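J.: There's a structure below that I have some questions on.
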2 protein chains.
Amino acid sequence: VKNEFDFIQNIKKKFRLDKVGDDCAVLPKDGSTDLVITTDMLVEDIDFRVSAAKPETIGHKSLAVSLSDIAAMGALPKWALLSIALEEKLWKTDFLDRFYLGWHTLAQQYGVELVGGDVSRSPDKLVIDSVVGGEVNAGTAVLRSGARPGDLIFVTGSLGGAAGGLRLIERGTPLPTDDERHRSLMKRQLCPQPQIENGLFLREHDLATAMIDISDGLTGDLAHICNASSVGAILEIDAIPIDPNFSALALNDNETLDLTLGGGEDFELLFTIKESNKDRIVGKDFSCIGEITSNAGVIQARRGAHLETLKVVGYRHF
Amino acid sequence: VKNEFDFIQNIKKKFRLDKVGDDCAVLPKDGSTDLVITTDMLVEDIDFRVSAAKPETIGHKSLAVSLSDIAAMGALPKWALLSIALEEKLWKTDFLDRFYLGWHTLAQQYGVELVGGDVSRSPDKLVIDSVVGGEVNAGTAVLRSGARPGDLIFVTGSLGGAAGGLRLIERGTPLPTDDERHRSLMKRQLCPQPQIENGLFLREHDLATAMIDISDGLTGDLAHICNASSVGAILEIDAIPIDPNFSALALNDNETLDLTLGGGEDFELLFTIKESNKDRIVGKDFSCIGEITSNAGVIQARRGAHLETLKVVGYRHF
């Protein structure tokens, strides 16, 4: 059974599409600058629920997911295009004004200018396509393909919070909720913060050899780096920084681990650095969670003395 | 009652979005080149029907509509991003391979490279977002805002064919059909040809003072030029080049005229030139259909001695 990654690999080869397959396409802009560009389509009831979030929050997230792709290249976001299709019933409310307010508030925070877009009618579901363009010094965009055996694997911030928030939403937890830990988890799911500053830091100091944002889940996105770099990886399970509020959900240990490894949508950055550079990131909120191996395509997990090969469980649409 | 153009005007003012509102956004690329970029979202059962066209044809059209926006700036298309959401049932067929084949065939014709995109799941309807980037000499992109009183109004090719084709599709005309005139009309609707070469000619020879592609309908798109240029227009009704196959439908005269003025989706170029330049386009398949006036916002139609103010009837989603 094919999934969307197989389809993309297939047309990439068939039609020689060299620029397809990273978080952003990288195009030459001028002698000293490259343009990076990304597109993300969000569909109601697949990627979000209109009933579970305020319109402002949906607006925020639809920009945040694309900013996160820009962050994963180590680039600075500059402009955006926003296309929306919505049904007439929703059009007649203040949804779009509030959606755009949330979008714009995040855009301003990063100096992103809306330069175009499209508003059209949908028979039922709300659909959003979010395109963001950014810039990076020519030839310095951080790709997925630069990881080398011996590199250390790091992640920014903590993982599992977004999956915990989704679990709460699925349980029907009302918003706003009094439980501050629950509120924090739901915010991680509904209102993710793109790691622009961390991405810029890692690229400007020439630290990250490969980078991706965690949208499909830790092991799924690590597999994307391993495939693009023709390497393998060992994850140190006990070193993975689990969102402290996530523990408050009192899931059993297996479930917590599964969601931490496969839950996705944390929009943290997953990156690799040369072992010799590890002292240069001391003091940052980055955790070393493993090491790149020459065992191409194989992702292993170590816990104490126990080493096992992981079945990659990233998010797939198909 | 607001429509989508009101909404866009409103957020444009409120958030000072200077670059929003033409067929493409224009961004500086390097010292001698501007980047133009456009996005179009197509939703099943609003913008197309999966049952009425081959997958290859839907692929062709989803790129053609964006290439047409590039043509309207007088620019050369360069690269594209393609996002698709589709339901699992369609994913399991060869739809996407055939869709992409149609997309790619048109892309190759204009040297457009697919550089990125997104494939995701939709609960039911097929949704496509088509982004195309192009290039133009710095400062020379043809905007909607350059029309001046006394300029002549021209249109490429002929009008009404796409609306005629839509009428046939709505009547349930099967494809392929034996009637060559019907086939031609349905092709205009399903498989439009972007006017890239004409757009480039008009910009390279510094002829078009304003330009737009006819997607919403002749009067609706002329109104966009008039609003952006703060001018009015007189259309010479008998000079409008009606698709000869369109007459084969034997609609009554009023209906033919309504569809020619308001039908949309012909993807011809509507442009204005200085009266003094009219000899420089002799021999091209362009028709002079009127004149720009200083009567800001008023579009009139002349037929013989009769002059009337038109109610603008372009396509609106809301």
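Ligands are numbered from 1 in the order shown, residues from 1 within each chain, and chains are lettered A, B, ... in the order they appear in the structure tokens.
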Please identify all residues of chain B having at least one atom at most 7 Å from any atom of chain A, considering only C-alpha atoms, and return them as a ChimeraX atom specification.
T.: /B:4,17,19-21,25,29-30,39-41,43,46,83,114-123,129,317
J.: Which of range 3-227 of chain B counts as helix (DSSP H, G or I) under DSSP, as a VMD selection string please?
T.: chain B and resid 4 to 14 50 to 52 55 to 72 88 to 91 95 to 109 144 to 146 161 to 170 180 to 190 196 to 204 218 to 227
J.: Residues within 7 Å of range 269-283 of chain B, please, as a VMD selection string. Count only C-alpha atoms; anything in the same chain fewer than 4 positions from it doesn't count.
T.: chain B and resid 72 147 150 to 156 195 207 to 214
J.: Selected residues, C-alpha atoms, written as a PDB file, in the first residue's frame, please.
T.:
```pdb
ATOM      1  CA  ALA B  72      -1.658  38.916 -17.016  1.00  0.00           C
ATOM      2  CA  ALA B 147      -5.232  52.433 -17.530  1.00  0.00           C
ATOM      3  CA  GLY B 150      -8.348  57.679 -23.854  1.00  0.00           C
ATOM      4  CA  ASP B 151      -6.578  54.294 -23.740  1.00  0.00           C
ATOM      5  CA  LEU B 152      -8.105  51.660 -26.017  1.00  0.00           C
ATOM      6  CA  ILE B 153      -9.426  48.397 -24.545  1.00  0.00           C
ATOM      7  CA  PHE B 154      -8.384  45.153 -26.219  1.00  0.00           C
ATOM      8  CA  VAL B 155      -8.998  41.483 -25.680  1.00  0.00           C
ATOM      9  CA  THR B 156      -7.014  38.515 -27.026  1.00  0.00           C
ATOM     10  CA  GLN B 195      -1.925  33.497 -22.903  1.00  0.00           C
ATOM     11  CA  LEU B 207       2.321  48.254 -25.008  1.00  0.00           C
ATOM     12  CA  ALA B 208      -0.145  47.274 -22.255  1.00  0.00           C
ATOM     13  CA  THR B 209      -0.843  50.084 -19.766  1.00  0.00           C
ATOM     14  CA  ALA B 210      -3.057  47.751 -17.675  1.00  0.00           C
ATOM     15  CA  MET B 211      -3.829  44.037 -17.950  1.00  0.00           C
ATOM     16  CA  ILE B 212      -5.907  41.284 -16.320  1.00  0.00           C
ATOM     17  CA  ASP B 213      -6.923  37.784 -17.337  1.00  0.00           C
ATOM     18  CA  ILE B 214     -10.604  37.112 -17.935  1.00  0.00           C
TER      19      ILE B 214
END
```
J.: Skip Ser247 in chain B itself and residues of its chain fewer than 5 positions away, then list as a list in words all residues within 9 Å of it, counting only C-alpha atoms.
T.: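 Using only C-alpha atoms, the neighbours found are Gly164, Ile242 and Thr256 of chain B.
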J.: Taking the DSSP assignment computed from this structure's backbone, write out as an NGL selection string all residues of range 47-234 of chain B that belong to strand (DSSP E or B).
T.: :B and (48 or 76-86 or 113-121 or 127-137 or 152-156 or 159 or 208-213 or 232-234)
J.: Excluding Leu190 in chain A and its own-chain neighbours fewer than 3 positions away, which residues fall within 8 Å of it when counting only C-alpha atoms? Please give them as a short mmCIF file (atom, residue, chain, number, x, y, z; two decimals) with N, CA, C and O atoms, in the first residue's frame.
T.:
```cif
data_model
loop_
_atom_site.label_atom_id
_atom_site.label_comp_id
_atom_site.auth_asym_id
_atom_site.auth_seq_id
_atom_site.Cartn_x
_atom_site.Cartn_y
_atom_site.Cartn_z
N ALA A 53 -11.75 25.07 18.27
CA ALA A 53 -10.82 26.18 18.41
C ALA A 53 -11.49 27.48 17.99
O ALA A 53 -12.40 27.49 17.16
N THR A 57 -7.45 31.27 16.62
CA THR A 57 -6.49 30.20 16.85
C THR A 57 -6.25 29.41 15.57
O THR A 57 -5.12 29.02 15.26
N ILE A 58 -7.30 29.16 14.80
CA ILE A 58 -7.14 28.46 13.52
C ILE A 58 -6.29 29.32 12.57
O ILE A 58 -5.43 28.82 11.86
N LYS A 61 -2.66 29.00 13.73
CA LYS A 61 -2.03 27.71 13.42
C LYS A 61 -1.76 27.57 11.93
O LYS A 61 -0.73 26.99 11.53
N ALA A 162 1.61 18.41 22.21
CA ALA A 162 0.55 18.58 21.21
C ALA A 162 -0.34 17.35 21.15
O ALA A 162 -1.57 17.46 21.03
N GLY A 165 -2.56 17.40 24.11
CA GLY A 165 -3.65 18.36 23.90
C GLY A 165 -4.73 17.80 23.00
O GLY A 165 -5.93 17.99 23.25
N MET A 186 -3.37 21.91 25.59
CA MET A 186 -4.28 22.24 24.49
C MET A 186 -3.71 23.39 23.67
O MET A 186 -3.89 23.44 22.45
N LYS A 187 -3.00 24.28 24.35
CA LYS A 187 -2.38 25.38 23.63
C LYS A 187 -1.28 24.86 22.69
O LYS A 187 -1.10 25.39 21.59
#
```
J.: Using Å and a single decimal, report how far CA of Asp238 in chain B sits from CA of Cys288 in chain B.
T.: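 It comes out at 10.6 Å.
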